[in-house]
file target-v8.txt (compact mmCIF, C-alpha atoms and all ligand atoms)
# COMPACT_ATOMS: atom_id res chain seq x y z
CA MET A 1 97.45 124.09 124.07
CA ARG A 2 97.16 120.36 123.38
CA PRO A 3 97.09 118.24 126.52
CA ARG A 4 100.03 115.83 126.85
CA ILE A 5 99.13 114.02 130.07
CA ILE A 6 95.68 112.45 129.78
CA LEU A 7 93.77 110.40 132.33
CA GLY A 8 91.41 107.85 130.74
CA ILE A 9 88.33 106.57 132.60
CA GLU A 10 86.23 103.59 131.52
CA THR A 11 83.12 102.43 133.43
CA SER A 12 80.66 101.47 130.67
CA CYS A 13 80.04 97.90 131.85
CA ASP A 14 81.74 95.65 134.41
CA GLU A 15 85.36 96.78 134.14
CA THR A 16 86.48 99.70 136.29
CA ALA A 17 89.50 101.10 134.50
CA ALA A 18 91.83 104.08 134.56
CA ALA A 19 95.04 104.82 132.67
CA LEU A 20 97.55 107.63 132.22
CA LEU A 21 98.99 108.40 128.82
CA VAL A 22 101.72 110.90 128.00
CA ASP A 23 101.87 111.93 124.33
CA GLY A 24 99.78 108.89 123.40
CA LYS A 25 101.99 106.42 125.26
CA ILE A 26 100.75 104.39 128.20
CA ILE A 27 102.50 105.30 131.44
CA SER A 28 100.19 103.41 133.80
CA ASP A 29 97.10 101.33 133.29
CA ARG A 30 94.78 99.57 135.76
CA THR A 31 91.69 97.49 135.02
CA THR A 32 89.57 95.72 137.63
CA ARG A 33 86.99 93.24 136.42
CA GLN A 34 84.02 93.12 138.76
CA THR A 35 83.73 89.46 139.69
CA MET A 36 80.49 89.68 141.70
CA HIS A 37 78.47 89.32 138.46
CA GLU A 38 79.74 85.76 137.93
CA GLN A 39 77.15 84.24 140.26
CA TYR A 40 74.31 85.89 138.29
CA GLY A 41 75.49 84.76 134.85
CA GLY A 42 75.49 88.33 133.54
CA VAL A 43 76.17 91.92 134.55
CA VAL A 44 73.76 93.26 137.20
CA PRO A 45 73.56 97.01 136.39
CA GLU A 46 72.91 98.21 139.94
CA LEU A 47 75.81 96.18 141.33
CA ALA A 48 78.06 97.41 138.52
CA SER A 49 77.37 101.08 139.33
CA ARG A 50 77.99 100.57 143.03
CA ALA A 51 81.22 98.70 142.34
CA HIS A 52 82.43 101.46 139.99
CA GLU A 53 81.75 103.98 142.72
CA ARG A 54 83.86 101.94 145.14
CA LEU A 55 86.67 101.08 142.72
CA LEU A 56 87.15 104.09 140.48
CA ALA A 57 88.80 106.58 142.83
CA PRO A 58 91.33 103.94 144.04
CA ALA A 59 92.03 103.05 140.39
CA ILE A 60 92.85 106.70 139.63
CA ASP A 61 95.01 106.96 142.76
CA GLY A 62 96.68 103.74 141.66
CA VAL A 63 97.61 104.90 138.15
CA LEU A 64 98.93 108.18 139.55
CA ALA A 65 101.04 106.30 142.10
CA ASP A 66 102.30 103.85 139.43
CA ALA A 67 103.33 106.79 137.25
CA GLY A 68 104.85 108.76 140.15
CA MET A 69 102.56 111.68 139.33
CA LYS A 70 100.28 114.00 141.29
CA ILE A 71 96.67 114.66 140.41
CA THR A 72 97.58 118.22 139.43
CA ASP A 73 99.89 116.84 136.70
CA ILE A 74 96.88 115.66 134.68
CA GLU A 75 96.24 117.99 131.73
CA ALA A 76 92.96 116.48 130.44
CA VAL A 77 90.46 113.75 131.29
CA ALA A 78 88.96 111.40 128.69
CA VAL A 79 85.90 109.44 129.74
CA THR A 80 83.55 106.94 128.10
CA TYR A 81 80.09 108.52 127.90
CA GLY A 82 78.40 105.73 125.89
CA PRO A 83 77.32 103.23 124.80
CA GLY A 84 76.91 101.19 127.97
CA LEU A 85 74.91 100.84 131.17
CA ALA A 86 73.47 104.21 132.22
CA GLY A 87 74.26 103.95 135.91
CA ALA A 88 77.73 102.59 135.27
CA LEU A 89 78.56 105.35 132.75
CA LEU A 90 77.27 107.97 135.20
CA VAL A 91 79.89 107.07 137.78
CA GLY A 92 82.76 107.65 135.35
CA VAL A 93 81.30 110.77 133.77
CA ALA A 94 80.44 112.38 137.11
CA LEU A 95 83.93 111.77 138.44
CA ALA A 96 85.54 113.01 135.20
CA LYS A 97 83.48 116.21 135.26
CA GLY A 98 84.27 116.81 138.92
CA LEU A 99 87.99 116.33 138.33
CA ALA A 100 87.98 118.55 135.27
CA ALA A 101 86.15 121.32 137.13
CA ALA A 102 88.40 121.09 140.19
CA LEU A 103 91.61 121.06 138.12
CA ASN A 104 90.33 123.47 135.47
CA ILE A 105 91.24 121.09 132.63
CA PRO A 106 89.28 119.87 129.58
CA VAL A 107 87.25 116.66 129.51
CA TYR A 108 86.96 114.63 126.29
CA ALA A 109 83.79 112.59 125.81
CA VAL A 110 84.81 109.28 124.25
CA ASN A 111 82.64 106.81 122.38
CA HIS A 112 83.45 103.32 123.70
CA ILE A 113 83.31 101.70 120.24
CA GLU A 114 85.71 104.30 118.86
CA GLY A 115 88.05 103.44 121.74
CA HIS A 116 88.08 99.79 120.61
CA ILE A 117 88.88 100.83 117.03
CA TRP A 118 92.05 102.67 118.05
CA ALA A 119 93.23 100.32 120.82
CA VAL A 120 95.62 98.54 118.48
CA GLU A 121 97.16 101.77 117.19
CA MET A 122 97.82 102.69 120.81
CA SER A 123 99.75 99.43 121.19
CA LEU A 124 101.70 100.14 118.01
CA MET A 125 102.82 103.46 119.45
CA GLY A 126 105.58 101.63 121.31
CA ASN A 127 103.71 101.27 124.54
CA ARG A 128 104.69 99.05 127.41
CA ALA A 129 102.16 96.41 126.48
CA ASP A 130 103.94 96.11 123.18
CA GLU A 131 107.36 95.74 124.73
CA SER A 132 106.26 93.06 127.19
CA GLY A 133 106.44 90.33 124.65
CA CYS A 134 103.11 90.68 122.95
CA GLN A 135 100.74 89.99 121.11
CA LEU A 136 100.72 92.36 118.16
CA ARG A 137 100.56 90.40 114.96
CA ARG A 138 101.76 91.64 111.61
CA VAL A 139 101.17 89.27 108.79
CA ASP A 140 102.78 89.43 105.37
CA SER A 141 104.29 92.83 105.88
CA PRO A 142 108.00 92.58 106.57
CA ASP A 143 108.75 96.32 106.45
CA ALA A 144 109.52 98.31 109.57
CA LEU A 145 106.91 98.66 112.26
CA VAL A 146 104.47 101.38 111.39
CA GLU A 147 103.39 103.98 113.90
CA TRP A 148 100.08 104.59 112.24
CA LEU A 149 97.75 102.07 110.72
CA PRO A 150 97.62 101.81 106.92
CA MET A 151 94.40 103.33 105.55
CA PRO A 152 91.84 102.47 104.53
CA PHE A 153 91.52 99.49 106.84
CA LEU A 154 88.70 97.08 107.46
CA GLY A 155 87.82 97.29 111.15
CA LEU A 156 85.84 94.67 113.03
CA ILE A 157 84.72 95.46 116.58
CA VAL A 158 83.50 92.29 118.20
CA SER A 159 82.64 92.39 121.88
CA GLY A 160 79.95 91.59 124.44
CA GLY A 161 77.77 94.45 123.22
CA HIS A 162 78.75 94.98 119.57
CA THR A 163 79.61 93.23 116.35
CA ILE A 164 80.23 95.92 113.76
CA LEU A 165 82.25 96.01 110.56
CA LEU A 166 83.63 99.34 109.33
CA ARG A 167 85.62 100.87 106.56
CA VAL A 168 88.07 103.22 108.29
CA GLU A 169 89.66 105.93 106.18
CA GLY A 170 91.09 107.94 109.05
CA PHE A 171 90.20 109.26 112.48
CA ARG A 172 86.51 110.12 112.39
CA CYS A 173 86.16 108.82 108.83
CA TYR A 174 84.13 105.65 109.27
CA VAL A 175 81.70 103.94 106.93
CA LYS A 176 79.48 101.31 108.52
CA LEU A 177 79.47 98.15 106.41
CA CYS A 178 77.32 95.92 108.57
CA SER A 179 76.54 94.96 112.15
CA THR A 180 74.63 92.32 114.05
CA ARG A 181 70.89 92.09 113.69
CA ASP A 182 70.48 90.56 117.14
CA ASP A 183 73.05 89.33 119.67
CA ALA A 184 76.71 90.36 119.64
CA ALA A 185 79.23 87.52 119.29
CA GLY A 186 80.49 87.96 122.88
CA GLU A 187 76.91 87.95 124.12
CA LEU A 188 76.40 84.61 122.38
CA PHE A 189 79.49 83.19 124.11
CA ASP A 190 78.28 84.42 127.48
CA LYS A 191 74.81 82.90 126.96
CA VAL A 192 76.18 79.56 125.75
CA GLY A 193 78.54 79.63 128.73
CA ARG A 194 75.57 79.96 131.03
CA MET A 195 73.88 76.92 129.42
CA LEU A 196 77.06 74.94 130.03
CA GLY A 197 77.55 76.14 133.60
CA LEU A 198 80.66 78.22 132.82
CA ALA A 199 81.52 81.36 134.79
CA PHE A 200 80.55 84.75 133.37
CA PRO A 201 81.94 86.13 131.12
CA ALA A 202 82.49 82.85 129.31
CA GLY A 203 84.35 83.94 126.15
CA ALA A 204 87.84 83.09 127.37
CA ASP A 205 86.73 79.66 128.71
CA ILE A 206 84.86 78.85 125.51
CA ASP A 207 87.97 79.81 123.55
CA ARG A 208 90.16 77.50 125.65
CA LEU A 209 87.70 74.59 125.58
CA ALA A 210 87.26 74.90 121.80
CA LEU A 211 91.03 74.81 121.30
CA ASN A 212 91.24 71.64 123.40
CA PHE A 213 88.70 69.64 121.40
CA LYS A 214 90.45 67.35 118.98
CA ASP A 215 87.55 65.41 117.40
CA LYS A 216 85.20 66.20 114.54
CA PRO A 217 83.10 69.13 115.81
CA PHE A 218 79.32 69.08 115.98
CA TYR A 219 77.88 71.17 113.15
CA PHE A 220 75.73 74.09 114.33
CA PRO A 221 73.97 76.30 111.75
CA ARG A 222 75.41 79.49 110.24
CA ALA A 223 73.48 82.63 109.33
CA ARG A 224 74.45 84.17 105.99
CA PHE A 225 73.06 87.26 104.34
CA THR A 226 72.88 88.50 100.80
CA ASP A 227 75.24 91.08 99.28
CA GLN A 228 72.38 93.56 99.27
CA GLN A 229 71.79 93.30 103.00
CA PRO A 230 75.02 92.24 104.68
CA ALA A 231 74.71 91.55 108.42
CA PHE A 232 75.75 89.29 111.26
CA SER A 233 73.33 87.25 113.34
CA PHE A 234 74.11 85.06 116.34
CA SER A 235 70.76 84.46 118.03
CA GLY A 236 69.88 81.50 115.77
CA LEU A 237 73.06 79.78 116.85
CA LYS A 238 72.20 80.43 120.49
CA THR A 239 68.78 78.81 119.96
CA ALA A 240 70.33 75.86 118.13
CA VAL A 241 72.69 75.19 121.05
CA SER A 242 69.83 75.49 123.52
CA HIS A 243 67.69 72.98 121.54
CA TYR A 244 70.58 70.59 121.15
CA LEU A 245 71.27 70.58 124.90
CA LYS A 246 67.56 70.12 125.72
CA ASN A 247 67.34 67.18 123.31
CA HIS A 248 70.41 65.51 124.79
CA PRO A 249 69.85 65.26 128.55
CA GLU A 250 72.40 62.42 128.63
CA LEU A 251 75.11 65.08 128.26
CA PHE A 252 74.41 66.26 131.82
CA ASP A 253 74.92 64.36 135.08
CA ALA A 254 72.28 63.93 137.81
CA GLU A 255 73.09 67.40 139.21
CA GLY A 256 72.63 68.95 135.78
CA ASN A 257 76.34 69.58 135.18
CA ALA A 258 77.88 69.12 131.76
CA SER A 259 81.08 67.07 131.63
CA ASP A 260 84.31 68.65 130.37
CA ALA A 261 84.10 66.51 127.24
CA THR A 262 80.60 67.86 126.50
CA ARG A 263 81.71 71.41 127.10
CA ARG A 264 84.66 71.01 124.76
CA MET A 265 82.48 69.47 122.05
CA ILE A 266 79.79 72.19 122.23
CA CYS A 267 82.30 75.05 122.53
CA ARG A 268 84.22 73.79 119.51
CA GLY A 269 81.01 73.52 117.45
CA VAL A 270 79.95 77.04 118.49
CA MET A 271 83.40 78.47 117.71
CA GLU A 272 83.48 76.84 114.27
CA SER A 273 80.11 78.36 113.48
CA VAL A 274 81.11 81.84 114.76
CA VAL A 275 84.38 81.70 112.81
CA ASP A 276 82.55 80.79 109.62
CA MET A 277 80.07 83.64 110.00
CA LEU A 278 82.67 86.27 110.87
CA VAL A 279 85.36 85.18 108.45
CA TRP A 280 82.92 84.74 105.57
CA GLN A 281 81.51 88.26 105.95
CA VAL A 282 84.88 89.92 106.55
CA GLY A 283 86.40 88.03 103.59
CA HIS A 284 83.51 89.16 101.43
CA PHE A 285 84.31 92.83 102.12
CA LEU A 286 88.06 92.30 101.74
CA ALA A 287 87.47 90.73 98.33
CA GLY A 288 85.46 93.69 97.12
CA GLY A 289 87.57 96.51 98.60
CA ASP A 290 90.92 98.27 98.52
CA TYR A 291 91.74 97.62 102.17
CA ARG A 292 95.34 97.94 103.28
CA ALA A 293 94.94 96.24 106.66
CA LEU A 294 92.57 94.20 108.79
CA VAL A 295 92.09 95.60 112.31
CA ILE A 296 90.14 93.74 114.99
CA GLY A 297 89.20 94.94 118.46
CA GLY A 298 86.80 94.32 121.35
CA GLY A 299 86.80 91.52 123.92
CA VAL A 300 86.22 88.68 121.45
CA SER A 301 89.34 89.66 119.50
CA ALA A 302 91.31 88.16 122.43
CA SER A 303 90.24 84.71 121.16
CA GLN A 304 93.22 82.55 120.19
CA PHE A 305 90.93 80.28 118.18
CA LEU A 306 89.72 83.22 116.09
CA ARG A 307 93.20 84.72 115.71
CA ARG A 308 94.39 81.70 113.73
CA HIS A 309 91.60 82.29 111.25
CA TRP A 310 92.23 86.04 111.05
CA GLU A 311 95.88 85.36 110.34
CA ARG A 312 94.98 83.00 107.51
CA LEU A 313 92.44 85.44 106.07
CA ALA A 314 94.82 88.42 106.17
CA ALA A 315 97.58 86.31 104.59
CA ASP A 316 95.18 85.26 101.81
CA TYR A 317 94.56 88.92 101.00
CA ARG A 318 98.23 89.85 101.55
CA ILE A 319 97.45 92.58 104.04
CA PRO A 320 98.72 93.02 107.61
CA LEU A 321 96.57 92.01 110.54
CA PHE A 322 96.44 94.10 113.71
CA ILE A 323 94.91 92.85 116.97
CA PRO A 324 95.60 94.52 120.34
CA PRO A 325 97.32 92.63 123.13
CA PRO A 326 94.68 90.74 125.18
CA GLN A 327 94.45 93.32 127.98
CA HIS A 328 93.56 95.97 125.40
CA CYS A 329 91.09 93.78 123.48
CA THR A 330 88.76 93.88 126.48
CA ASP A 331 87.57 97.12 128.08
CA ASN A 332 90.32 99.37 129.44
CA GLY A 333 91.00 102.98 130.31
CA ALA A 334 94.06 103.31 128.07
CA MET A 335 92.05 103.10 124.83
CA VAL A 336 89.76 105.84 126.19
CA ALA A 337 92.69 108.12 127.03
CA TYR A 338 94.26 107.38 123.64
CA THR A 339 91.05 108.24 121.77
CA GLY A 340 90.75 111.44 123.81
CA TRP A 341 94.33 112.26 122.80
CA LYS A 342 93.48 111.69 119.13
CA MET A 343 90.44 113.93 119.53
CA ALA A 344 92.66 116.68 120.95
CA LEU A 345 95.18 116.23 118.10
CA ALA A 346 92.33 116.42 115.58
CA GLY A 347 91.19 119.70 117.13
CA ILE A 348 87.89 118.28 118.33
CA PRO A 349 86.66 120.50 121.16
CA PRO A 350 86.40 119.05 124.65
CA ALA A 351 82.96 118.45 126.12
CA ILE A 352 81.25 121.29 127.88
CA ASP A 353 79.23 121.35 131.09
CA SER A 354 76.28 119.65 129.41
CA LEU A 355 78.21 116.36 128.97
CA ALA A 356 75.73 113.60 129.77
CA VAL A 357 75.85 109.83 129.46
CA GLU A 358 74.38 108.27 126.31
CA PRO A 359 73.69 104.56 126.97
CA ALA A 360 72.56 103.89 123.38
CA LEU A 361 75.21 106.07 121.70
CA SER A 362 75.95 105.05 118.12
CA LEU A 363 79.45 105.29 116.69
CA PHE A 364 78.25 107.92 114.28
CA LYS A 365 76.50 110.17 116.79
CA SER A 366 79.78 111.50 118.16
CA LEU A 367 80.89 112.57 114.69
CA VAL A 368 78.38 115.37 114.34
O1 LIG A 401 85.02 94.60 124.86
P1 LIG A 401 84.53 93.88 126.07
O2 LIG A 401 85.46 93.77 127.26
O3 LIG A 401 83.20 94.52 126.61
C1 LIG A 401 82.21 95.04 125.76
O4 LIG A 401 82.43 96.16 125.22
O5 LIG A 401 81.24 94.30 125.55
O6 LIG A 401 84.09 92.41 125.60
C2 LIG A 401 83.61 91.47 126.52
C3 LIG A 401 83.26 90.20 125.76
C4 LIG A 401 82.56 89.17 126.62
O7 LIG A 401 81.39 88.73 125.95
C5 LIG A 401 83.58 88.05 126.77
O8 LIG A 401 82.98 86.76 126.90
C6 LIG A 401 84.38 88.17 125.48
O9 LIG A 401 84.45 89.57 125.25
N1 LIG A 401 85.74 87.63 125.59
C7 LIG A 401 86.24 86.67 124.80
C8 LIG A 401 87.56 86.43 125.24
N2 LIG A 401 87.82 87.28 126.28
C9 LIG A 401 86.69 88.02 126.47
N3 LIG A 401 85.69 85.98 123.79
C10 LIG A 401 86.45 85.04 123.18
N4 LIG A 401 87.70 84.75 123.55
C11 LIG A 401 88.31 85.41 124.56
N5 LIG A 401 89.56 85.12 124.92
ZN ZN A 402 84.07 97.12 125.06
call {"tool": "encode", "arguments": {"input": "target-v8.txt", "output": "structure tokens"}}
result
Amino acid sequence: MRPRIILGIETSCDETAAALLVDGKIISDRTTRQTMHEQYGGVVPELASRAHERLLAPAIDGVLADAGMKITDIEAVAVTYGPGLAGALLVGVALAKGLAAALNIPVYAVNHIEGHIWAVEMSLMGNRADESGCQLRRVDSPDALVEWLPMPFLGLIVSGGHTILLRVEGFRCYVKLCSTRDDAAGELFDKVGRMLGLAFPAGADIDRLALNFKDKPFYFPRARFTDQQPAFSFSGLKTAVSHYLKNHPELFDAEGNASDATRRMICRGVMESVVDMLVWQVGHFLAGGDYRALVIGGGVSASQFLRRHWERLAADYRIPLFIPPPQHCTDNGAMVAYTGWKMALAGIPPAIDSLAVEPALSLFKSLV
């Protein structure tokens, strides 16, 4: 029997998240971002695990209470088992296995990157997030709202840990087109944010500051690759920003703080460079393919600055653009539950007792 009521658990990094889905639709959804990492300028793995341990059970109680359900109503658990921080993943997986054993229900082992791929489809399924005034963008496609994404689509997952471009022909039919050779785009934002004294994670602040800069932006370099070896690369840009700031001490006050004007100028220059690199590579694949949609997911897809460029690009190629609402761009339990639900629909067997975390899990590992 296919499970209808699925609990999703996400603890791969610094968001502790749980959600309940019934027949693929979100019934309740809670995400807590662990703020204690802000003072360290990055996620401290040990603190993340301890915080998950403290926050996860209340998050599950919370989604059950929000949905007016009892724990025995849950018919399956879906949990992220990789990629991510080992200790953080362990907390979610251990709790999921314990729940599944106690309730005698299946547990689906979800790949975090796969969750990001399908987050937007989850929103298209007429979920609450969709109804609350969002956020979903369809460009150049006036026909009725689709329930399922048009295939094949070009999928870009761009987050703090990943920048990967895929051809998606269906569930579990993915062809990797290219990925980053070094830092992920979100990682770049977080590192630049640290140089500018912004709170971690810095992506949303950088996005806002870049949008508020009205002058001619400073030109930072762009990395481009040949057709034979397509790739993304963001570490050169990080180094360029670092050199620029070191060579311009006048941009900082006596306490070493950058002014708002400096922050806006640097953030705008960084954003312009990131946009160029992402849009150029994505446009290159759109030009050479038969793609019927452009789908973007992962924390960086929440960027308003980038969205404008995605909209223009999708319009140029006359295909619809799909981006999840902001709360489902970043890590969340609903996308994990939804992917587990798709796995069940596809007849993929639930995980057995040997389910173990895989911190370096690749998207393709879970397909075998
Ligand atoms: O998907 P996610 O929550 O976690 C990972 O799987 O990595 O992505 C987190 C990343 C962080 O690097 C954060 O700075 C970035 O997404 N981010 C943003 C925005 N919101 C979060 N980047 C640009 N604009 C935003 N609005
Ligand atoms: Zn993520």
call {"tool": "residues_around", "arguments": {"input": "target-v8.txt", "residues": "Ile319 of chain A", "least_positions_apart": "4", "cutoff": "6 Å", "atoms": "only C-alpha atoms", "output": "ChimeraX atom specification"}}
result
/A:292-293,314
call {"tool": "closest_atom_pairs", "arguments": {"input": "target-v8.txt", "of": "chain A", "to": "ligand ZN 402 (chain A)", "cutoff": "7 Å", "atoms": "only C-alpha atoms and all ligand atoms", "output": "JSON lines"}}
result
{"residue": "A:His112", "atom": "CA", "partner": "A:ZN402", "partner_atom": "ZN", "distance": 6.4}
{"residue": "A:Ile113", "atom": "CA", "partner": "A:ZN402", "partner_atom": "ZN", "distance": 6.7}
{"residue": "A:His116", "atom": "CA", "partner": "A:ZN402", "partner_atom": "ZN", "distance": 6.6}
{"residue": "A:Ser159", "atom": "CA", "partner": "A:ZN402", "partner_atom": "ZN", "distance": 5.9}
{"residue": "A:Gly160", "atom": "CA", "partner": "A:ZN402", "partner_atom": "ZN", "distance": 6.9}
{"residue": "A:Gly298", "atom": "CA", "partner": "A:ZN402", "partner_atom": "ZN", "distance": 5.4}
{"residue": "A:Gly299", "atom": "CA", "partner": "A:ZN402", "partner_atom": "ZN", "distance": 6.3}
{"residue": "A:Thr330", "atom": "CA", "partner": "A:ZN402", "partner_atom": "ZN", "distance": 5.9}
{"residue": "A:Asp331", "atom": "CA", "partner": "A:ZN402", "partner_atom": "ZN", "distance": 4.6}
call {"tool": "residues_near_point", "arguments": {"input": "target-v8.txt", "point": "(92.9, 101.6, 102.6)", "cutoff": "12 Å", "atoms": "all atoms listed in the file", "output": "list in words"}}
result
Leu149, Pro150, Met151, Pro152, Phe153, Leu154, Gly155, Leu166, Arg167, Val168, Glu169, Gly170, Cys173, Tyr174, Leu286, Gly289, Asp290, Tyr291, Arg292, Ala293, Leu294, Val295, Ile319 and Pro320 of chain A
call {"tool": "residues_around", "arguments": {"input": "target-v8.txt", "residues": "Thr180 of chain A", "least_positions_apart": "5", "cutoff": "8 Å", "atoms": "all atoms listed in the file", "output": "PDB file with C-alpha atoms, in the frame of the given file"}}
result
ATOM      1  CA  HIS A 162      78.750  94.980 119.570  1.00  0.00           C
ATOM      2  CA  THR A 163      79.610  93.230 116.350  1.00  0.00           C
ATOM      3  CA  ILE A 164      80.230  95.920 113.760  1.00  0.00           C
ATOM      4  CA  ALA A 231      74.710  91.550 108.420  1.00  0.00           C
ATOM      5  CA  PHE A 232      75.750  89.290 111.260  1.00  0.00           C
ATOM      6  CA  SER A 233      73.330  87.250 113.340  1.00  0.00           C
ATOM      7  CA  PHE A 234      74.110  85.060 116.340  1.00  0.00           C
TER       8      PHE A 234
END
call {"tool": "closest_atom_pairs", "arguments": {"input": "target-v8.txt", "of": "segment 93-207 of chain A", "to": "segment 336-357 of chain A", "cutoff": "12 Å", "atoms": "all atoms listed in the file", "output": "tab-separated table"}}
result
residue	atom	partner	partner_atom	distance
A:Val93	CA	A:Val357	CA	7.0
A:Ala94	CA	A:Ala356	CA	8.8
A:Leu95	CA	A:Leu355	CA	12.0
A:Ala96	CA	A:Leu355	CA	10.2
A:Lys97	CA	A:Asp353	CA	7.9
A:Gly98	CA	A:Asp353	CA	10.4
A:Ala100	CA	A:Asp353	CA	10.1
A:Ala101	CA	A:Asp353	CA	9.2
A:Ile105	CA	A:Pro350	CA	9.6
A:Pro106	CA	A:Pro350	CA	5.8
A:Val107	CA	A:Pro350	CA	5.5
A:Tyr108	CA	A:Pro350	CA	4.7
A:Ala109	CA	A:Ala351	CA	5.9
A:Val110	CA	A:Val336	CA	6.3
A:Asn111	CA	A:Val336	CA	8.1
A:His112	CA	A:Val336	CA	7.2
A:Ile113	CA	A:Val336	CA	9.7
A:Glu114	CA	A:Thr339	CA	7.2
A:Gly115	CA	A:Val336	CA	5.3
A:His116	CA	A:Val336	CA	8.4
A:Ile117	CA	A:Thr339	CA	9.1
A:Trp118	CA	A:Thr339	CA	6.8
A:Ala119	CA	A:Tyr338	CA	7.7
A:Val120	CA	A:Tyr338	CA	10.3
A:Glu121	CA	A:Tyr338	CA	9.0
A:Met122	CA	A:Tyr338	CA	6.5
A:Ser123	CA	A:Tyr338	CA	10.0
A:Leu124	CA	A:Tyr338	CA	11.8
A:Met125	CA	A:Tyr338	CA	10.3
A:Asn127	CA	A:Tyr338	CA	11.3
A:Trp148	CA	A:Lys342	CA	11.9
A:Gly170	CA	A:Ala346	CA	10.8
A:Phe171	CA	A:Lys342	CA	7.8
A:Arg172	CA	A:Met343	CA	9.0
A:Cys173	CA	A:Ala346	CA	11.9
call {"tool": "residues_near_ligand", "arguments": {"input": "target-v8.txt", "ligand": "ligand LIG 401 (chain A)", "cutoff": "9 Å", "atoms": "all atoms listed in the file", "output": "JSON, numbers by chain"}}
result
{"A": [12, 13, 14, 15, 83, 84, 112, 113, 116, 157, 158, 159, 160, 161, 162, 184, 185, 186, 187, 188, 189, 190, 191, 193, 200, 201, 202, 203, 204, 205, 206, 207, 208, 297, 298, 299, 300, 301, 302, 303, 304, 305, 306, 326, 328, 329, 330, 331, 332]}
call {"tool": "residues_around", "arguments": {"input": "target-v8.txt", "residues": "Phe225 of chain A", "least_positions_apart": "3", "cutoff": "12 Å", "atoms": "all atoms listed in the file", "output": "list in words"}}
result
Cys178, Ser179, Thr180, Arg181, Arg222, Gln228, Gln229, Pro230, Ala231, Phe232, Ser233, Met277, Leu278, Trp280, Gln281 and His284 of chain A
call {"tool": "build_atoms", "arguments": {"input": "target-v8.txt", "residues": "segment 150-154 of chain A", "atoms": "all heavy atoms", "output": "short mmCIF file (atom, residue, chain, number, x, y, z; two decimals), keeping the file's coordinate frame"}}
result
data_model
loop_
_atom_site.label_atom_id
_atom_site.label_comp_id
_atom_site.auth_asym_id
_atom_site.auth_seq_id
_atom_site.Cartn_x
_atom_site.Cartn_y
_atom_site.Cartn_z
N PRO A 150 97.83 101.51 108.34
CA PRO A 150 97.62 101.81 106.92
C PRO A 150 96.13 102.00 106.62
O PRO A 150 95.31 101.24 107.12
CB PRO A 150 98.14 100.57 106.20
CG PRO A 150 98.57 99.60 107.22
CD PRO A 150 98.27 100.13 108.58
N MET A 151 95.81 103.03 105.86
CA MET A 151 94.40 103.33 105.55
C MET A 151 94.15 103.12 104.06
O MET A 151 95.07 103.36 103.27
CB MET A 151 94.08 104.78 105.87
CG MET A 151 94.50 105.26 107.21
SD MET A 151 93.32 104.79 108.46
CE MET A 151 94.19 105.33 109.94
N PRO A 152 92.96 102.81 103.66
CA PRO A 152 91.84 102.47 104.53
C PRO A 152 92.03 101.07 105.10
O PRO A 152 92.64 100.22 104.48
CB PRO A 152 90.64 102.51 103.56
CG PRO A 152 91.21 102.14 102.23
CD PRO A 152 92.61 102.70 102.22
N PHE A 153 91.50 100.86 106.31
CA PHE A 153 91.52 99.49 106.84
C PHE A 153 90.10 99.01 107.10
O PHE A 153 89.17 99.81 107.22
CB PHE A 153 92.43 99.35 108.06
CG PHE A 153 92.04 100.11 109.31
CD1 PHE A 153 91.00 99.68 110.14
CD2 PHE A 153 92.78 101.23 109.70
CE1 PHE A 153 90.69 100.36 111.31
CE2 PHE A 153 92.47 101.94 110.87
CZ PHE A 153 91.42 101.50 111.67
N LEU A 154 89.99 97.69 107.12
CA LEU A 154 88.70 97.08 107.46
C LEU A 154 88.73 96.82 108.96
O LEU A 154 89.63 96.13 109.44
CB LEU A 154 88.51 95.78 106.67
CG LEU A 154 87.13 95.14 106.76
CD1 LEU A 154 86.08 96.03 106.11
CD2 LEU A 154 87.12 93.79 106.06
#
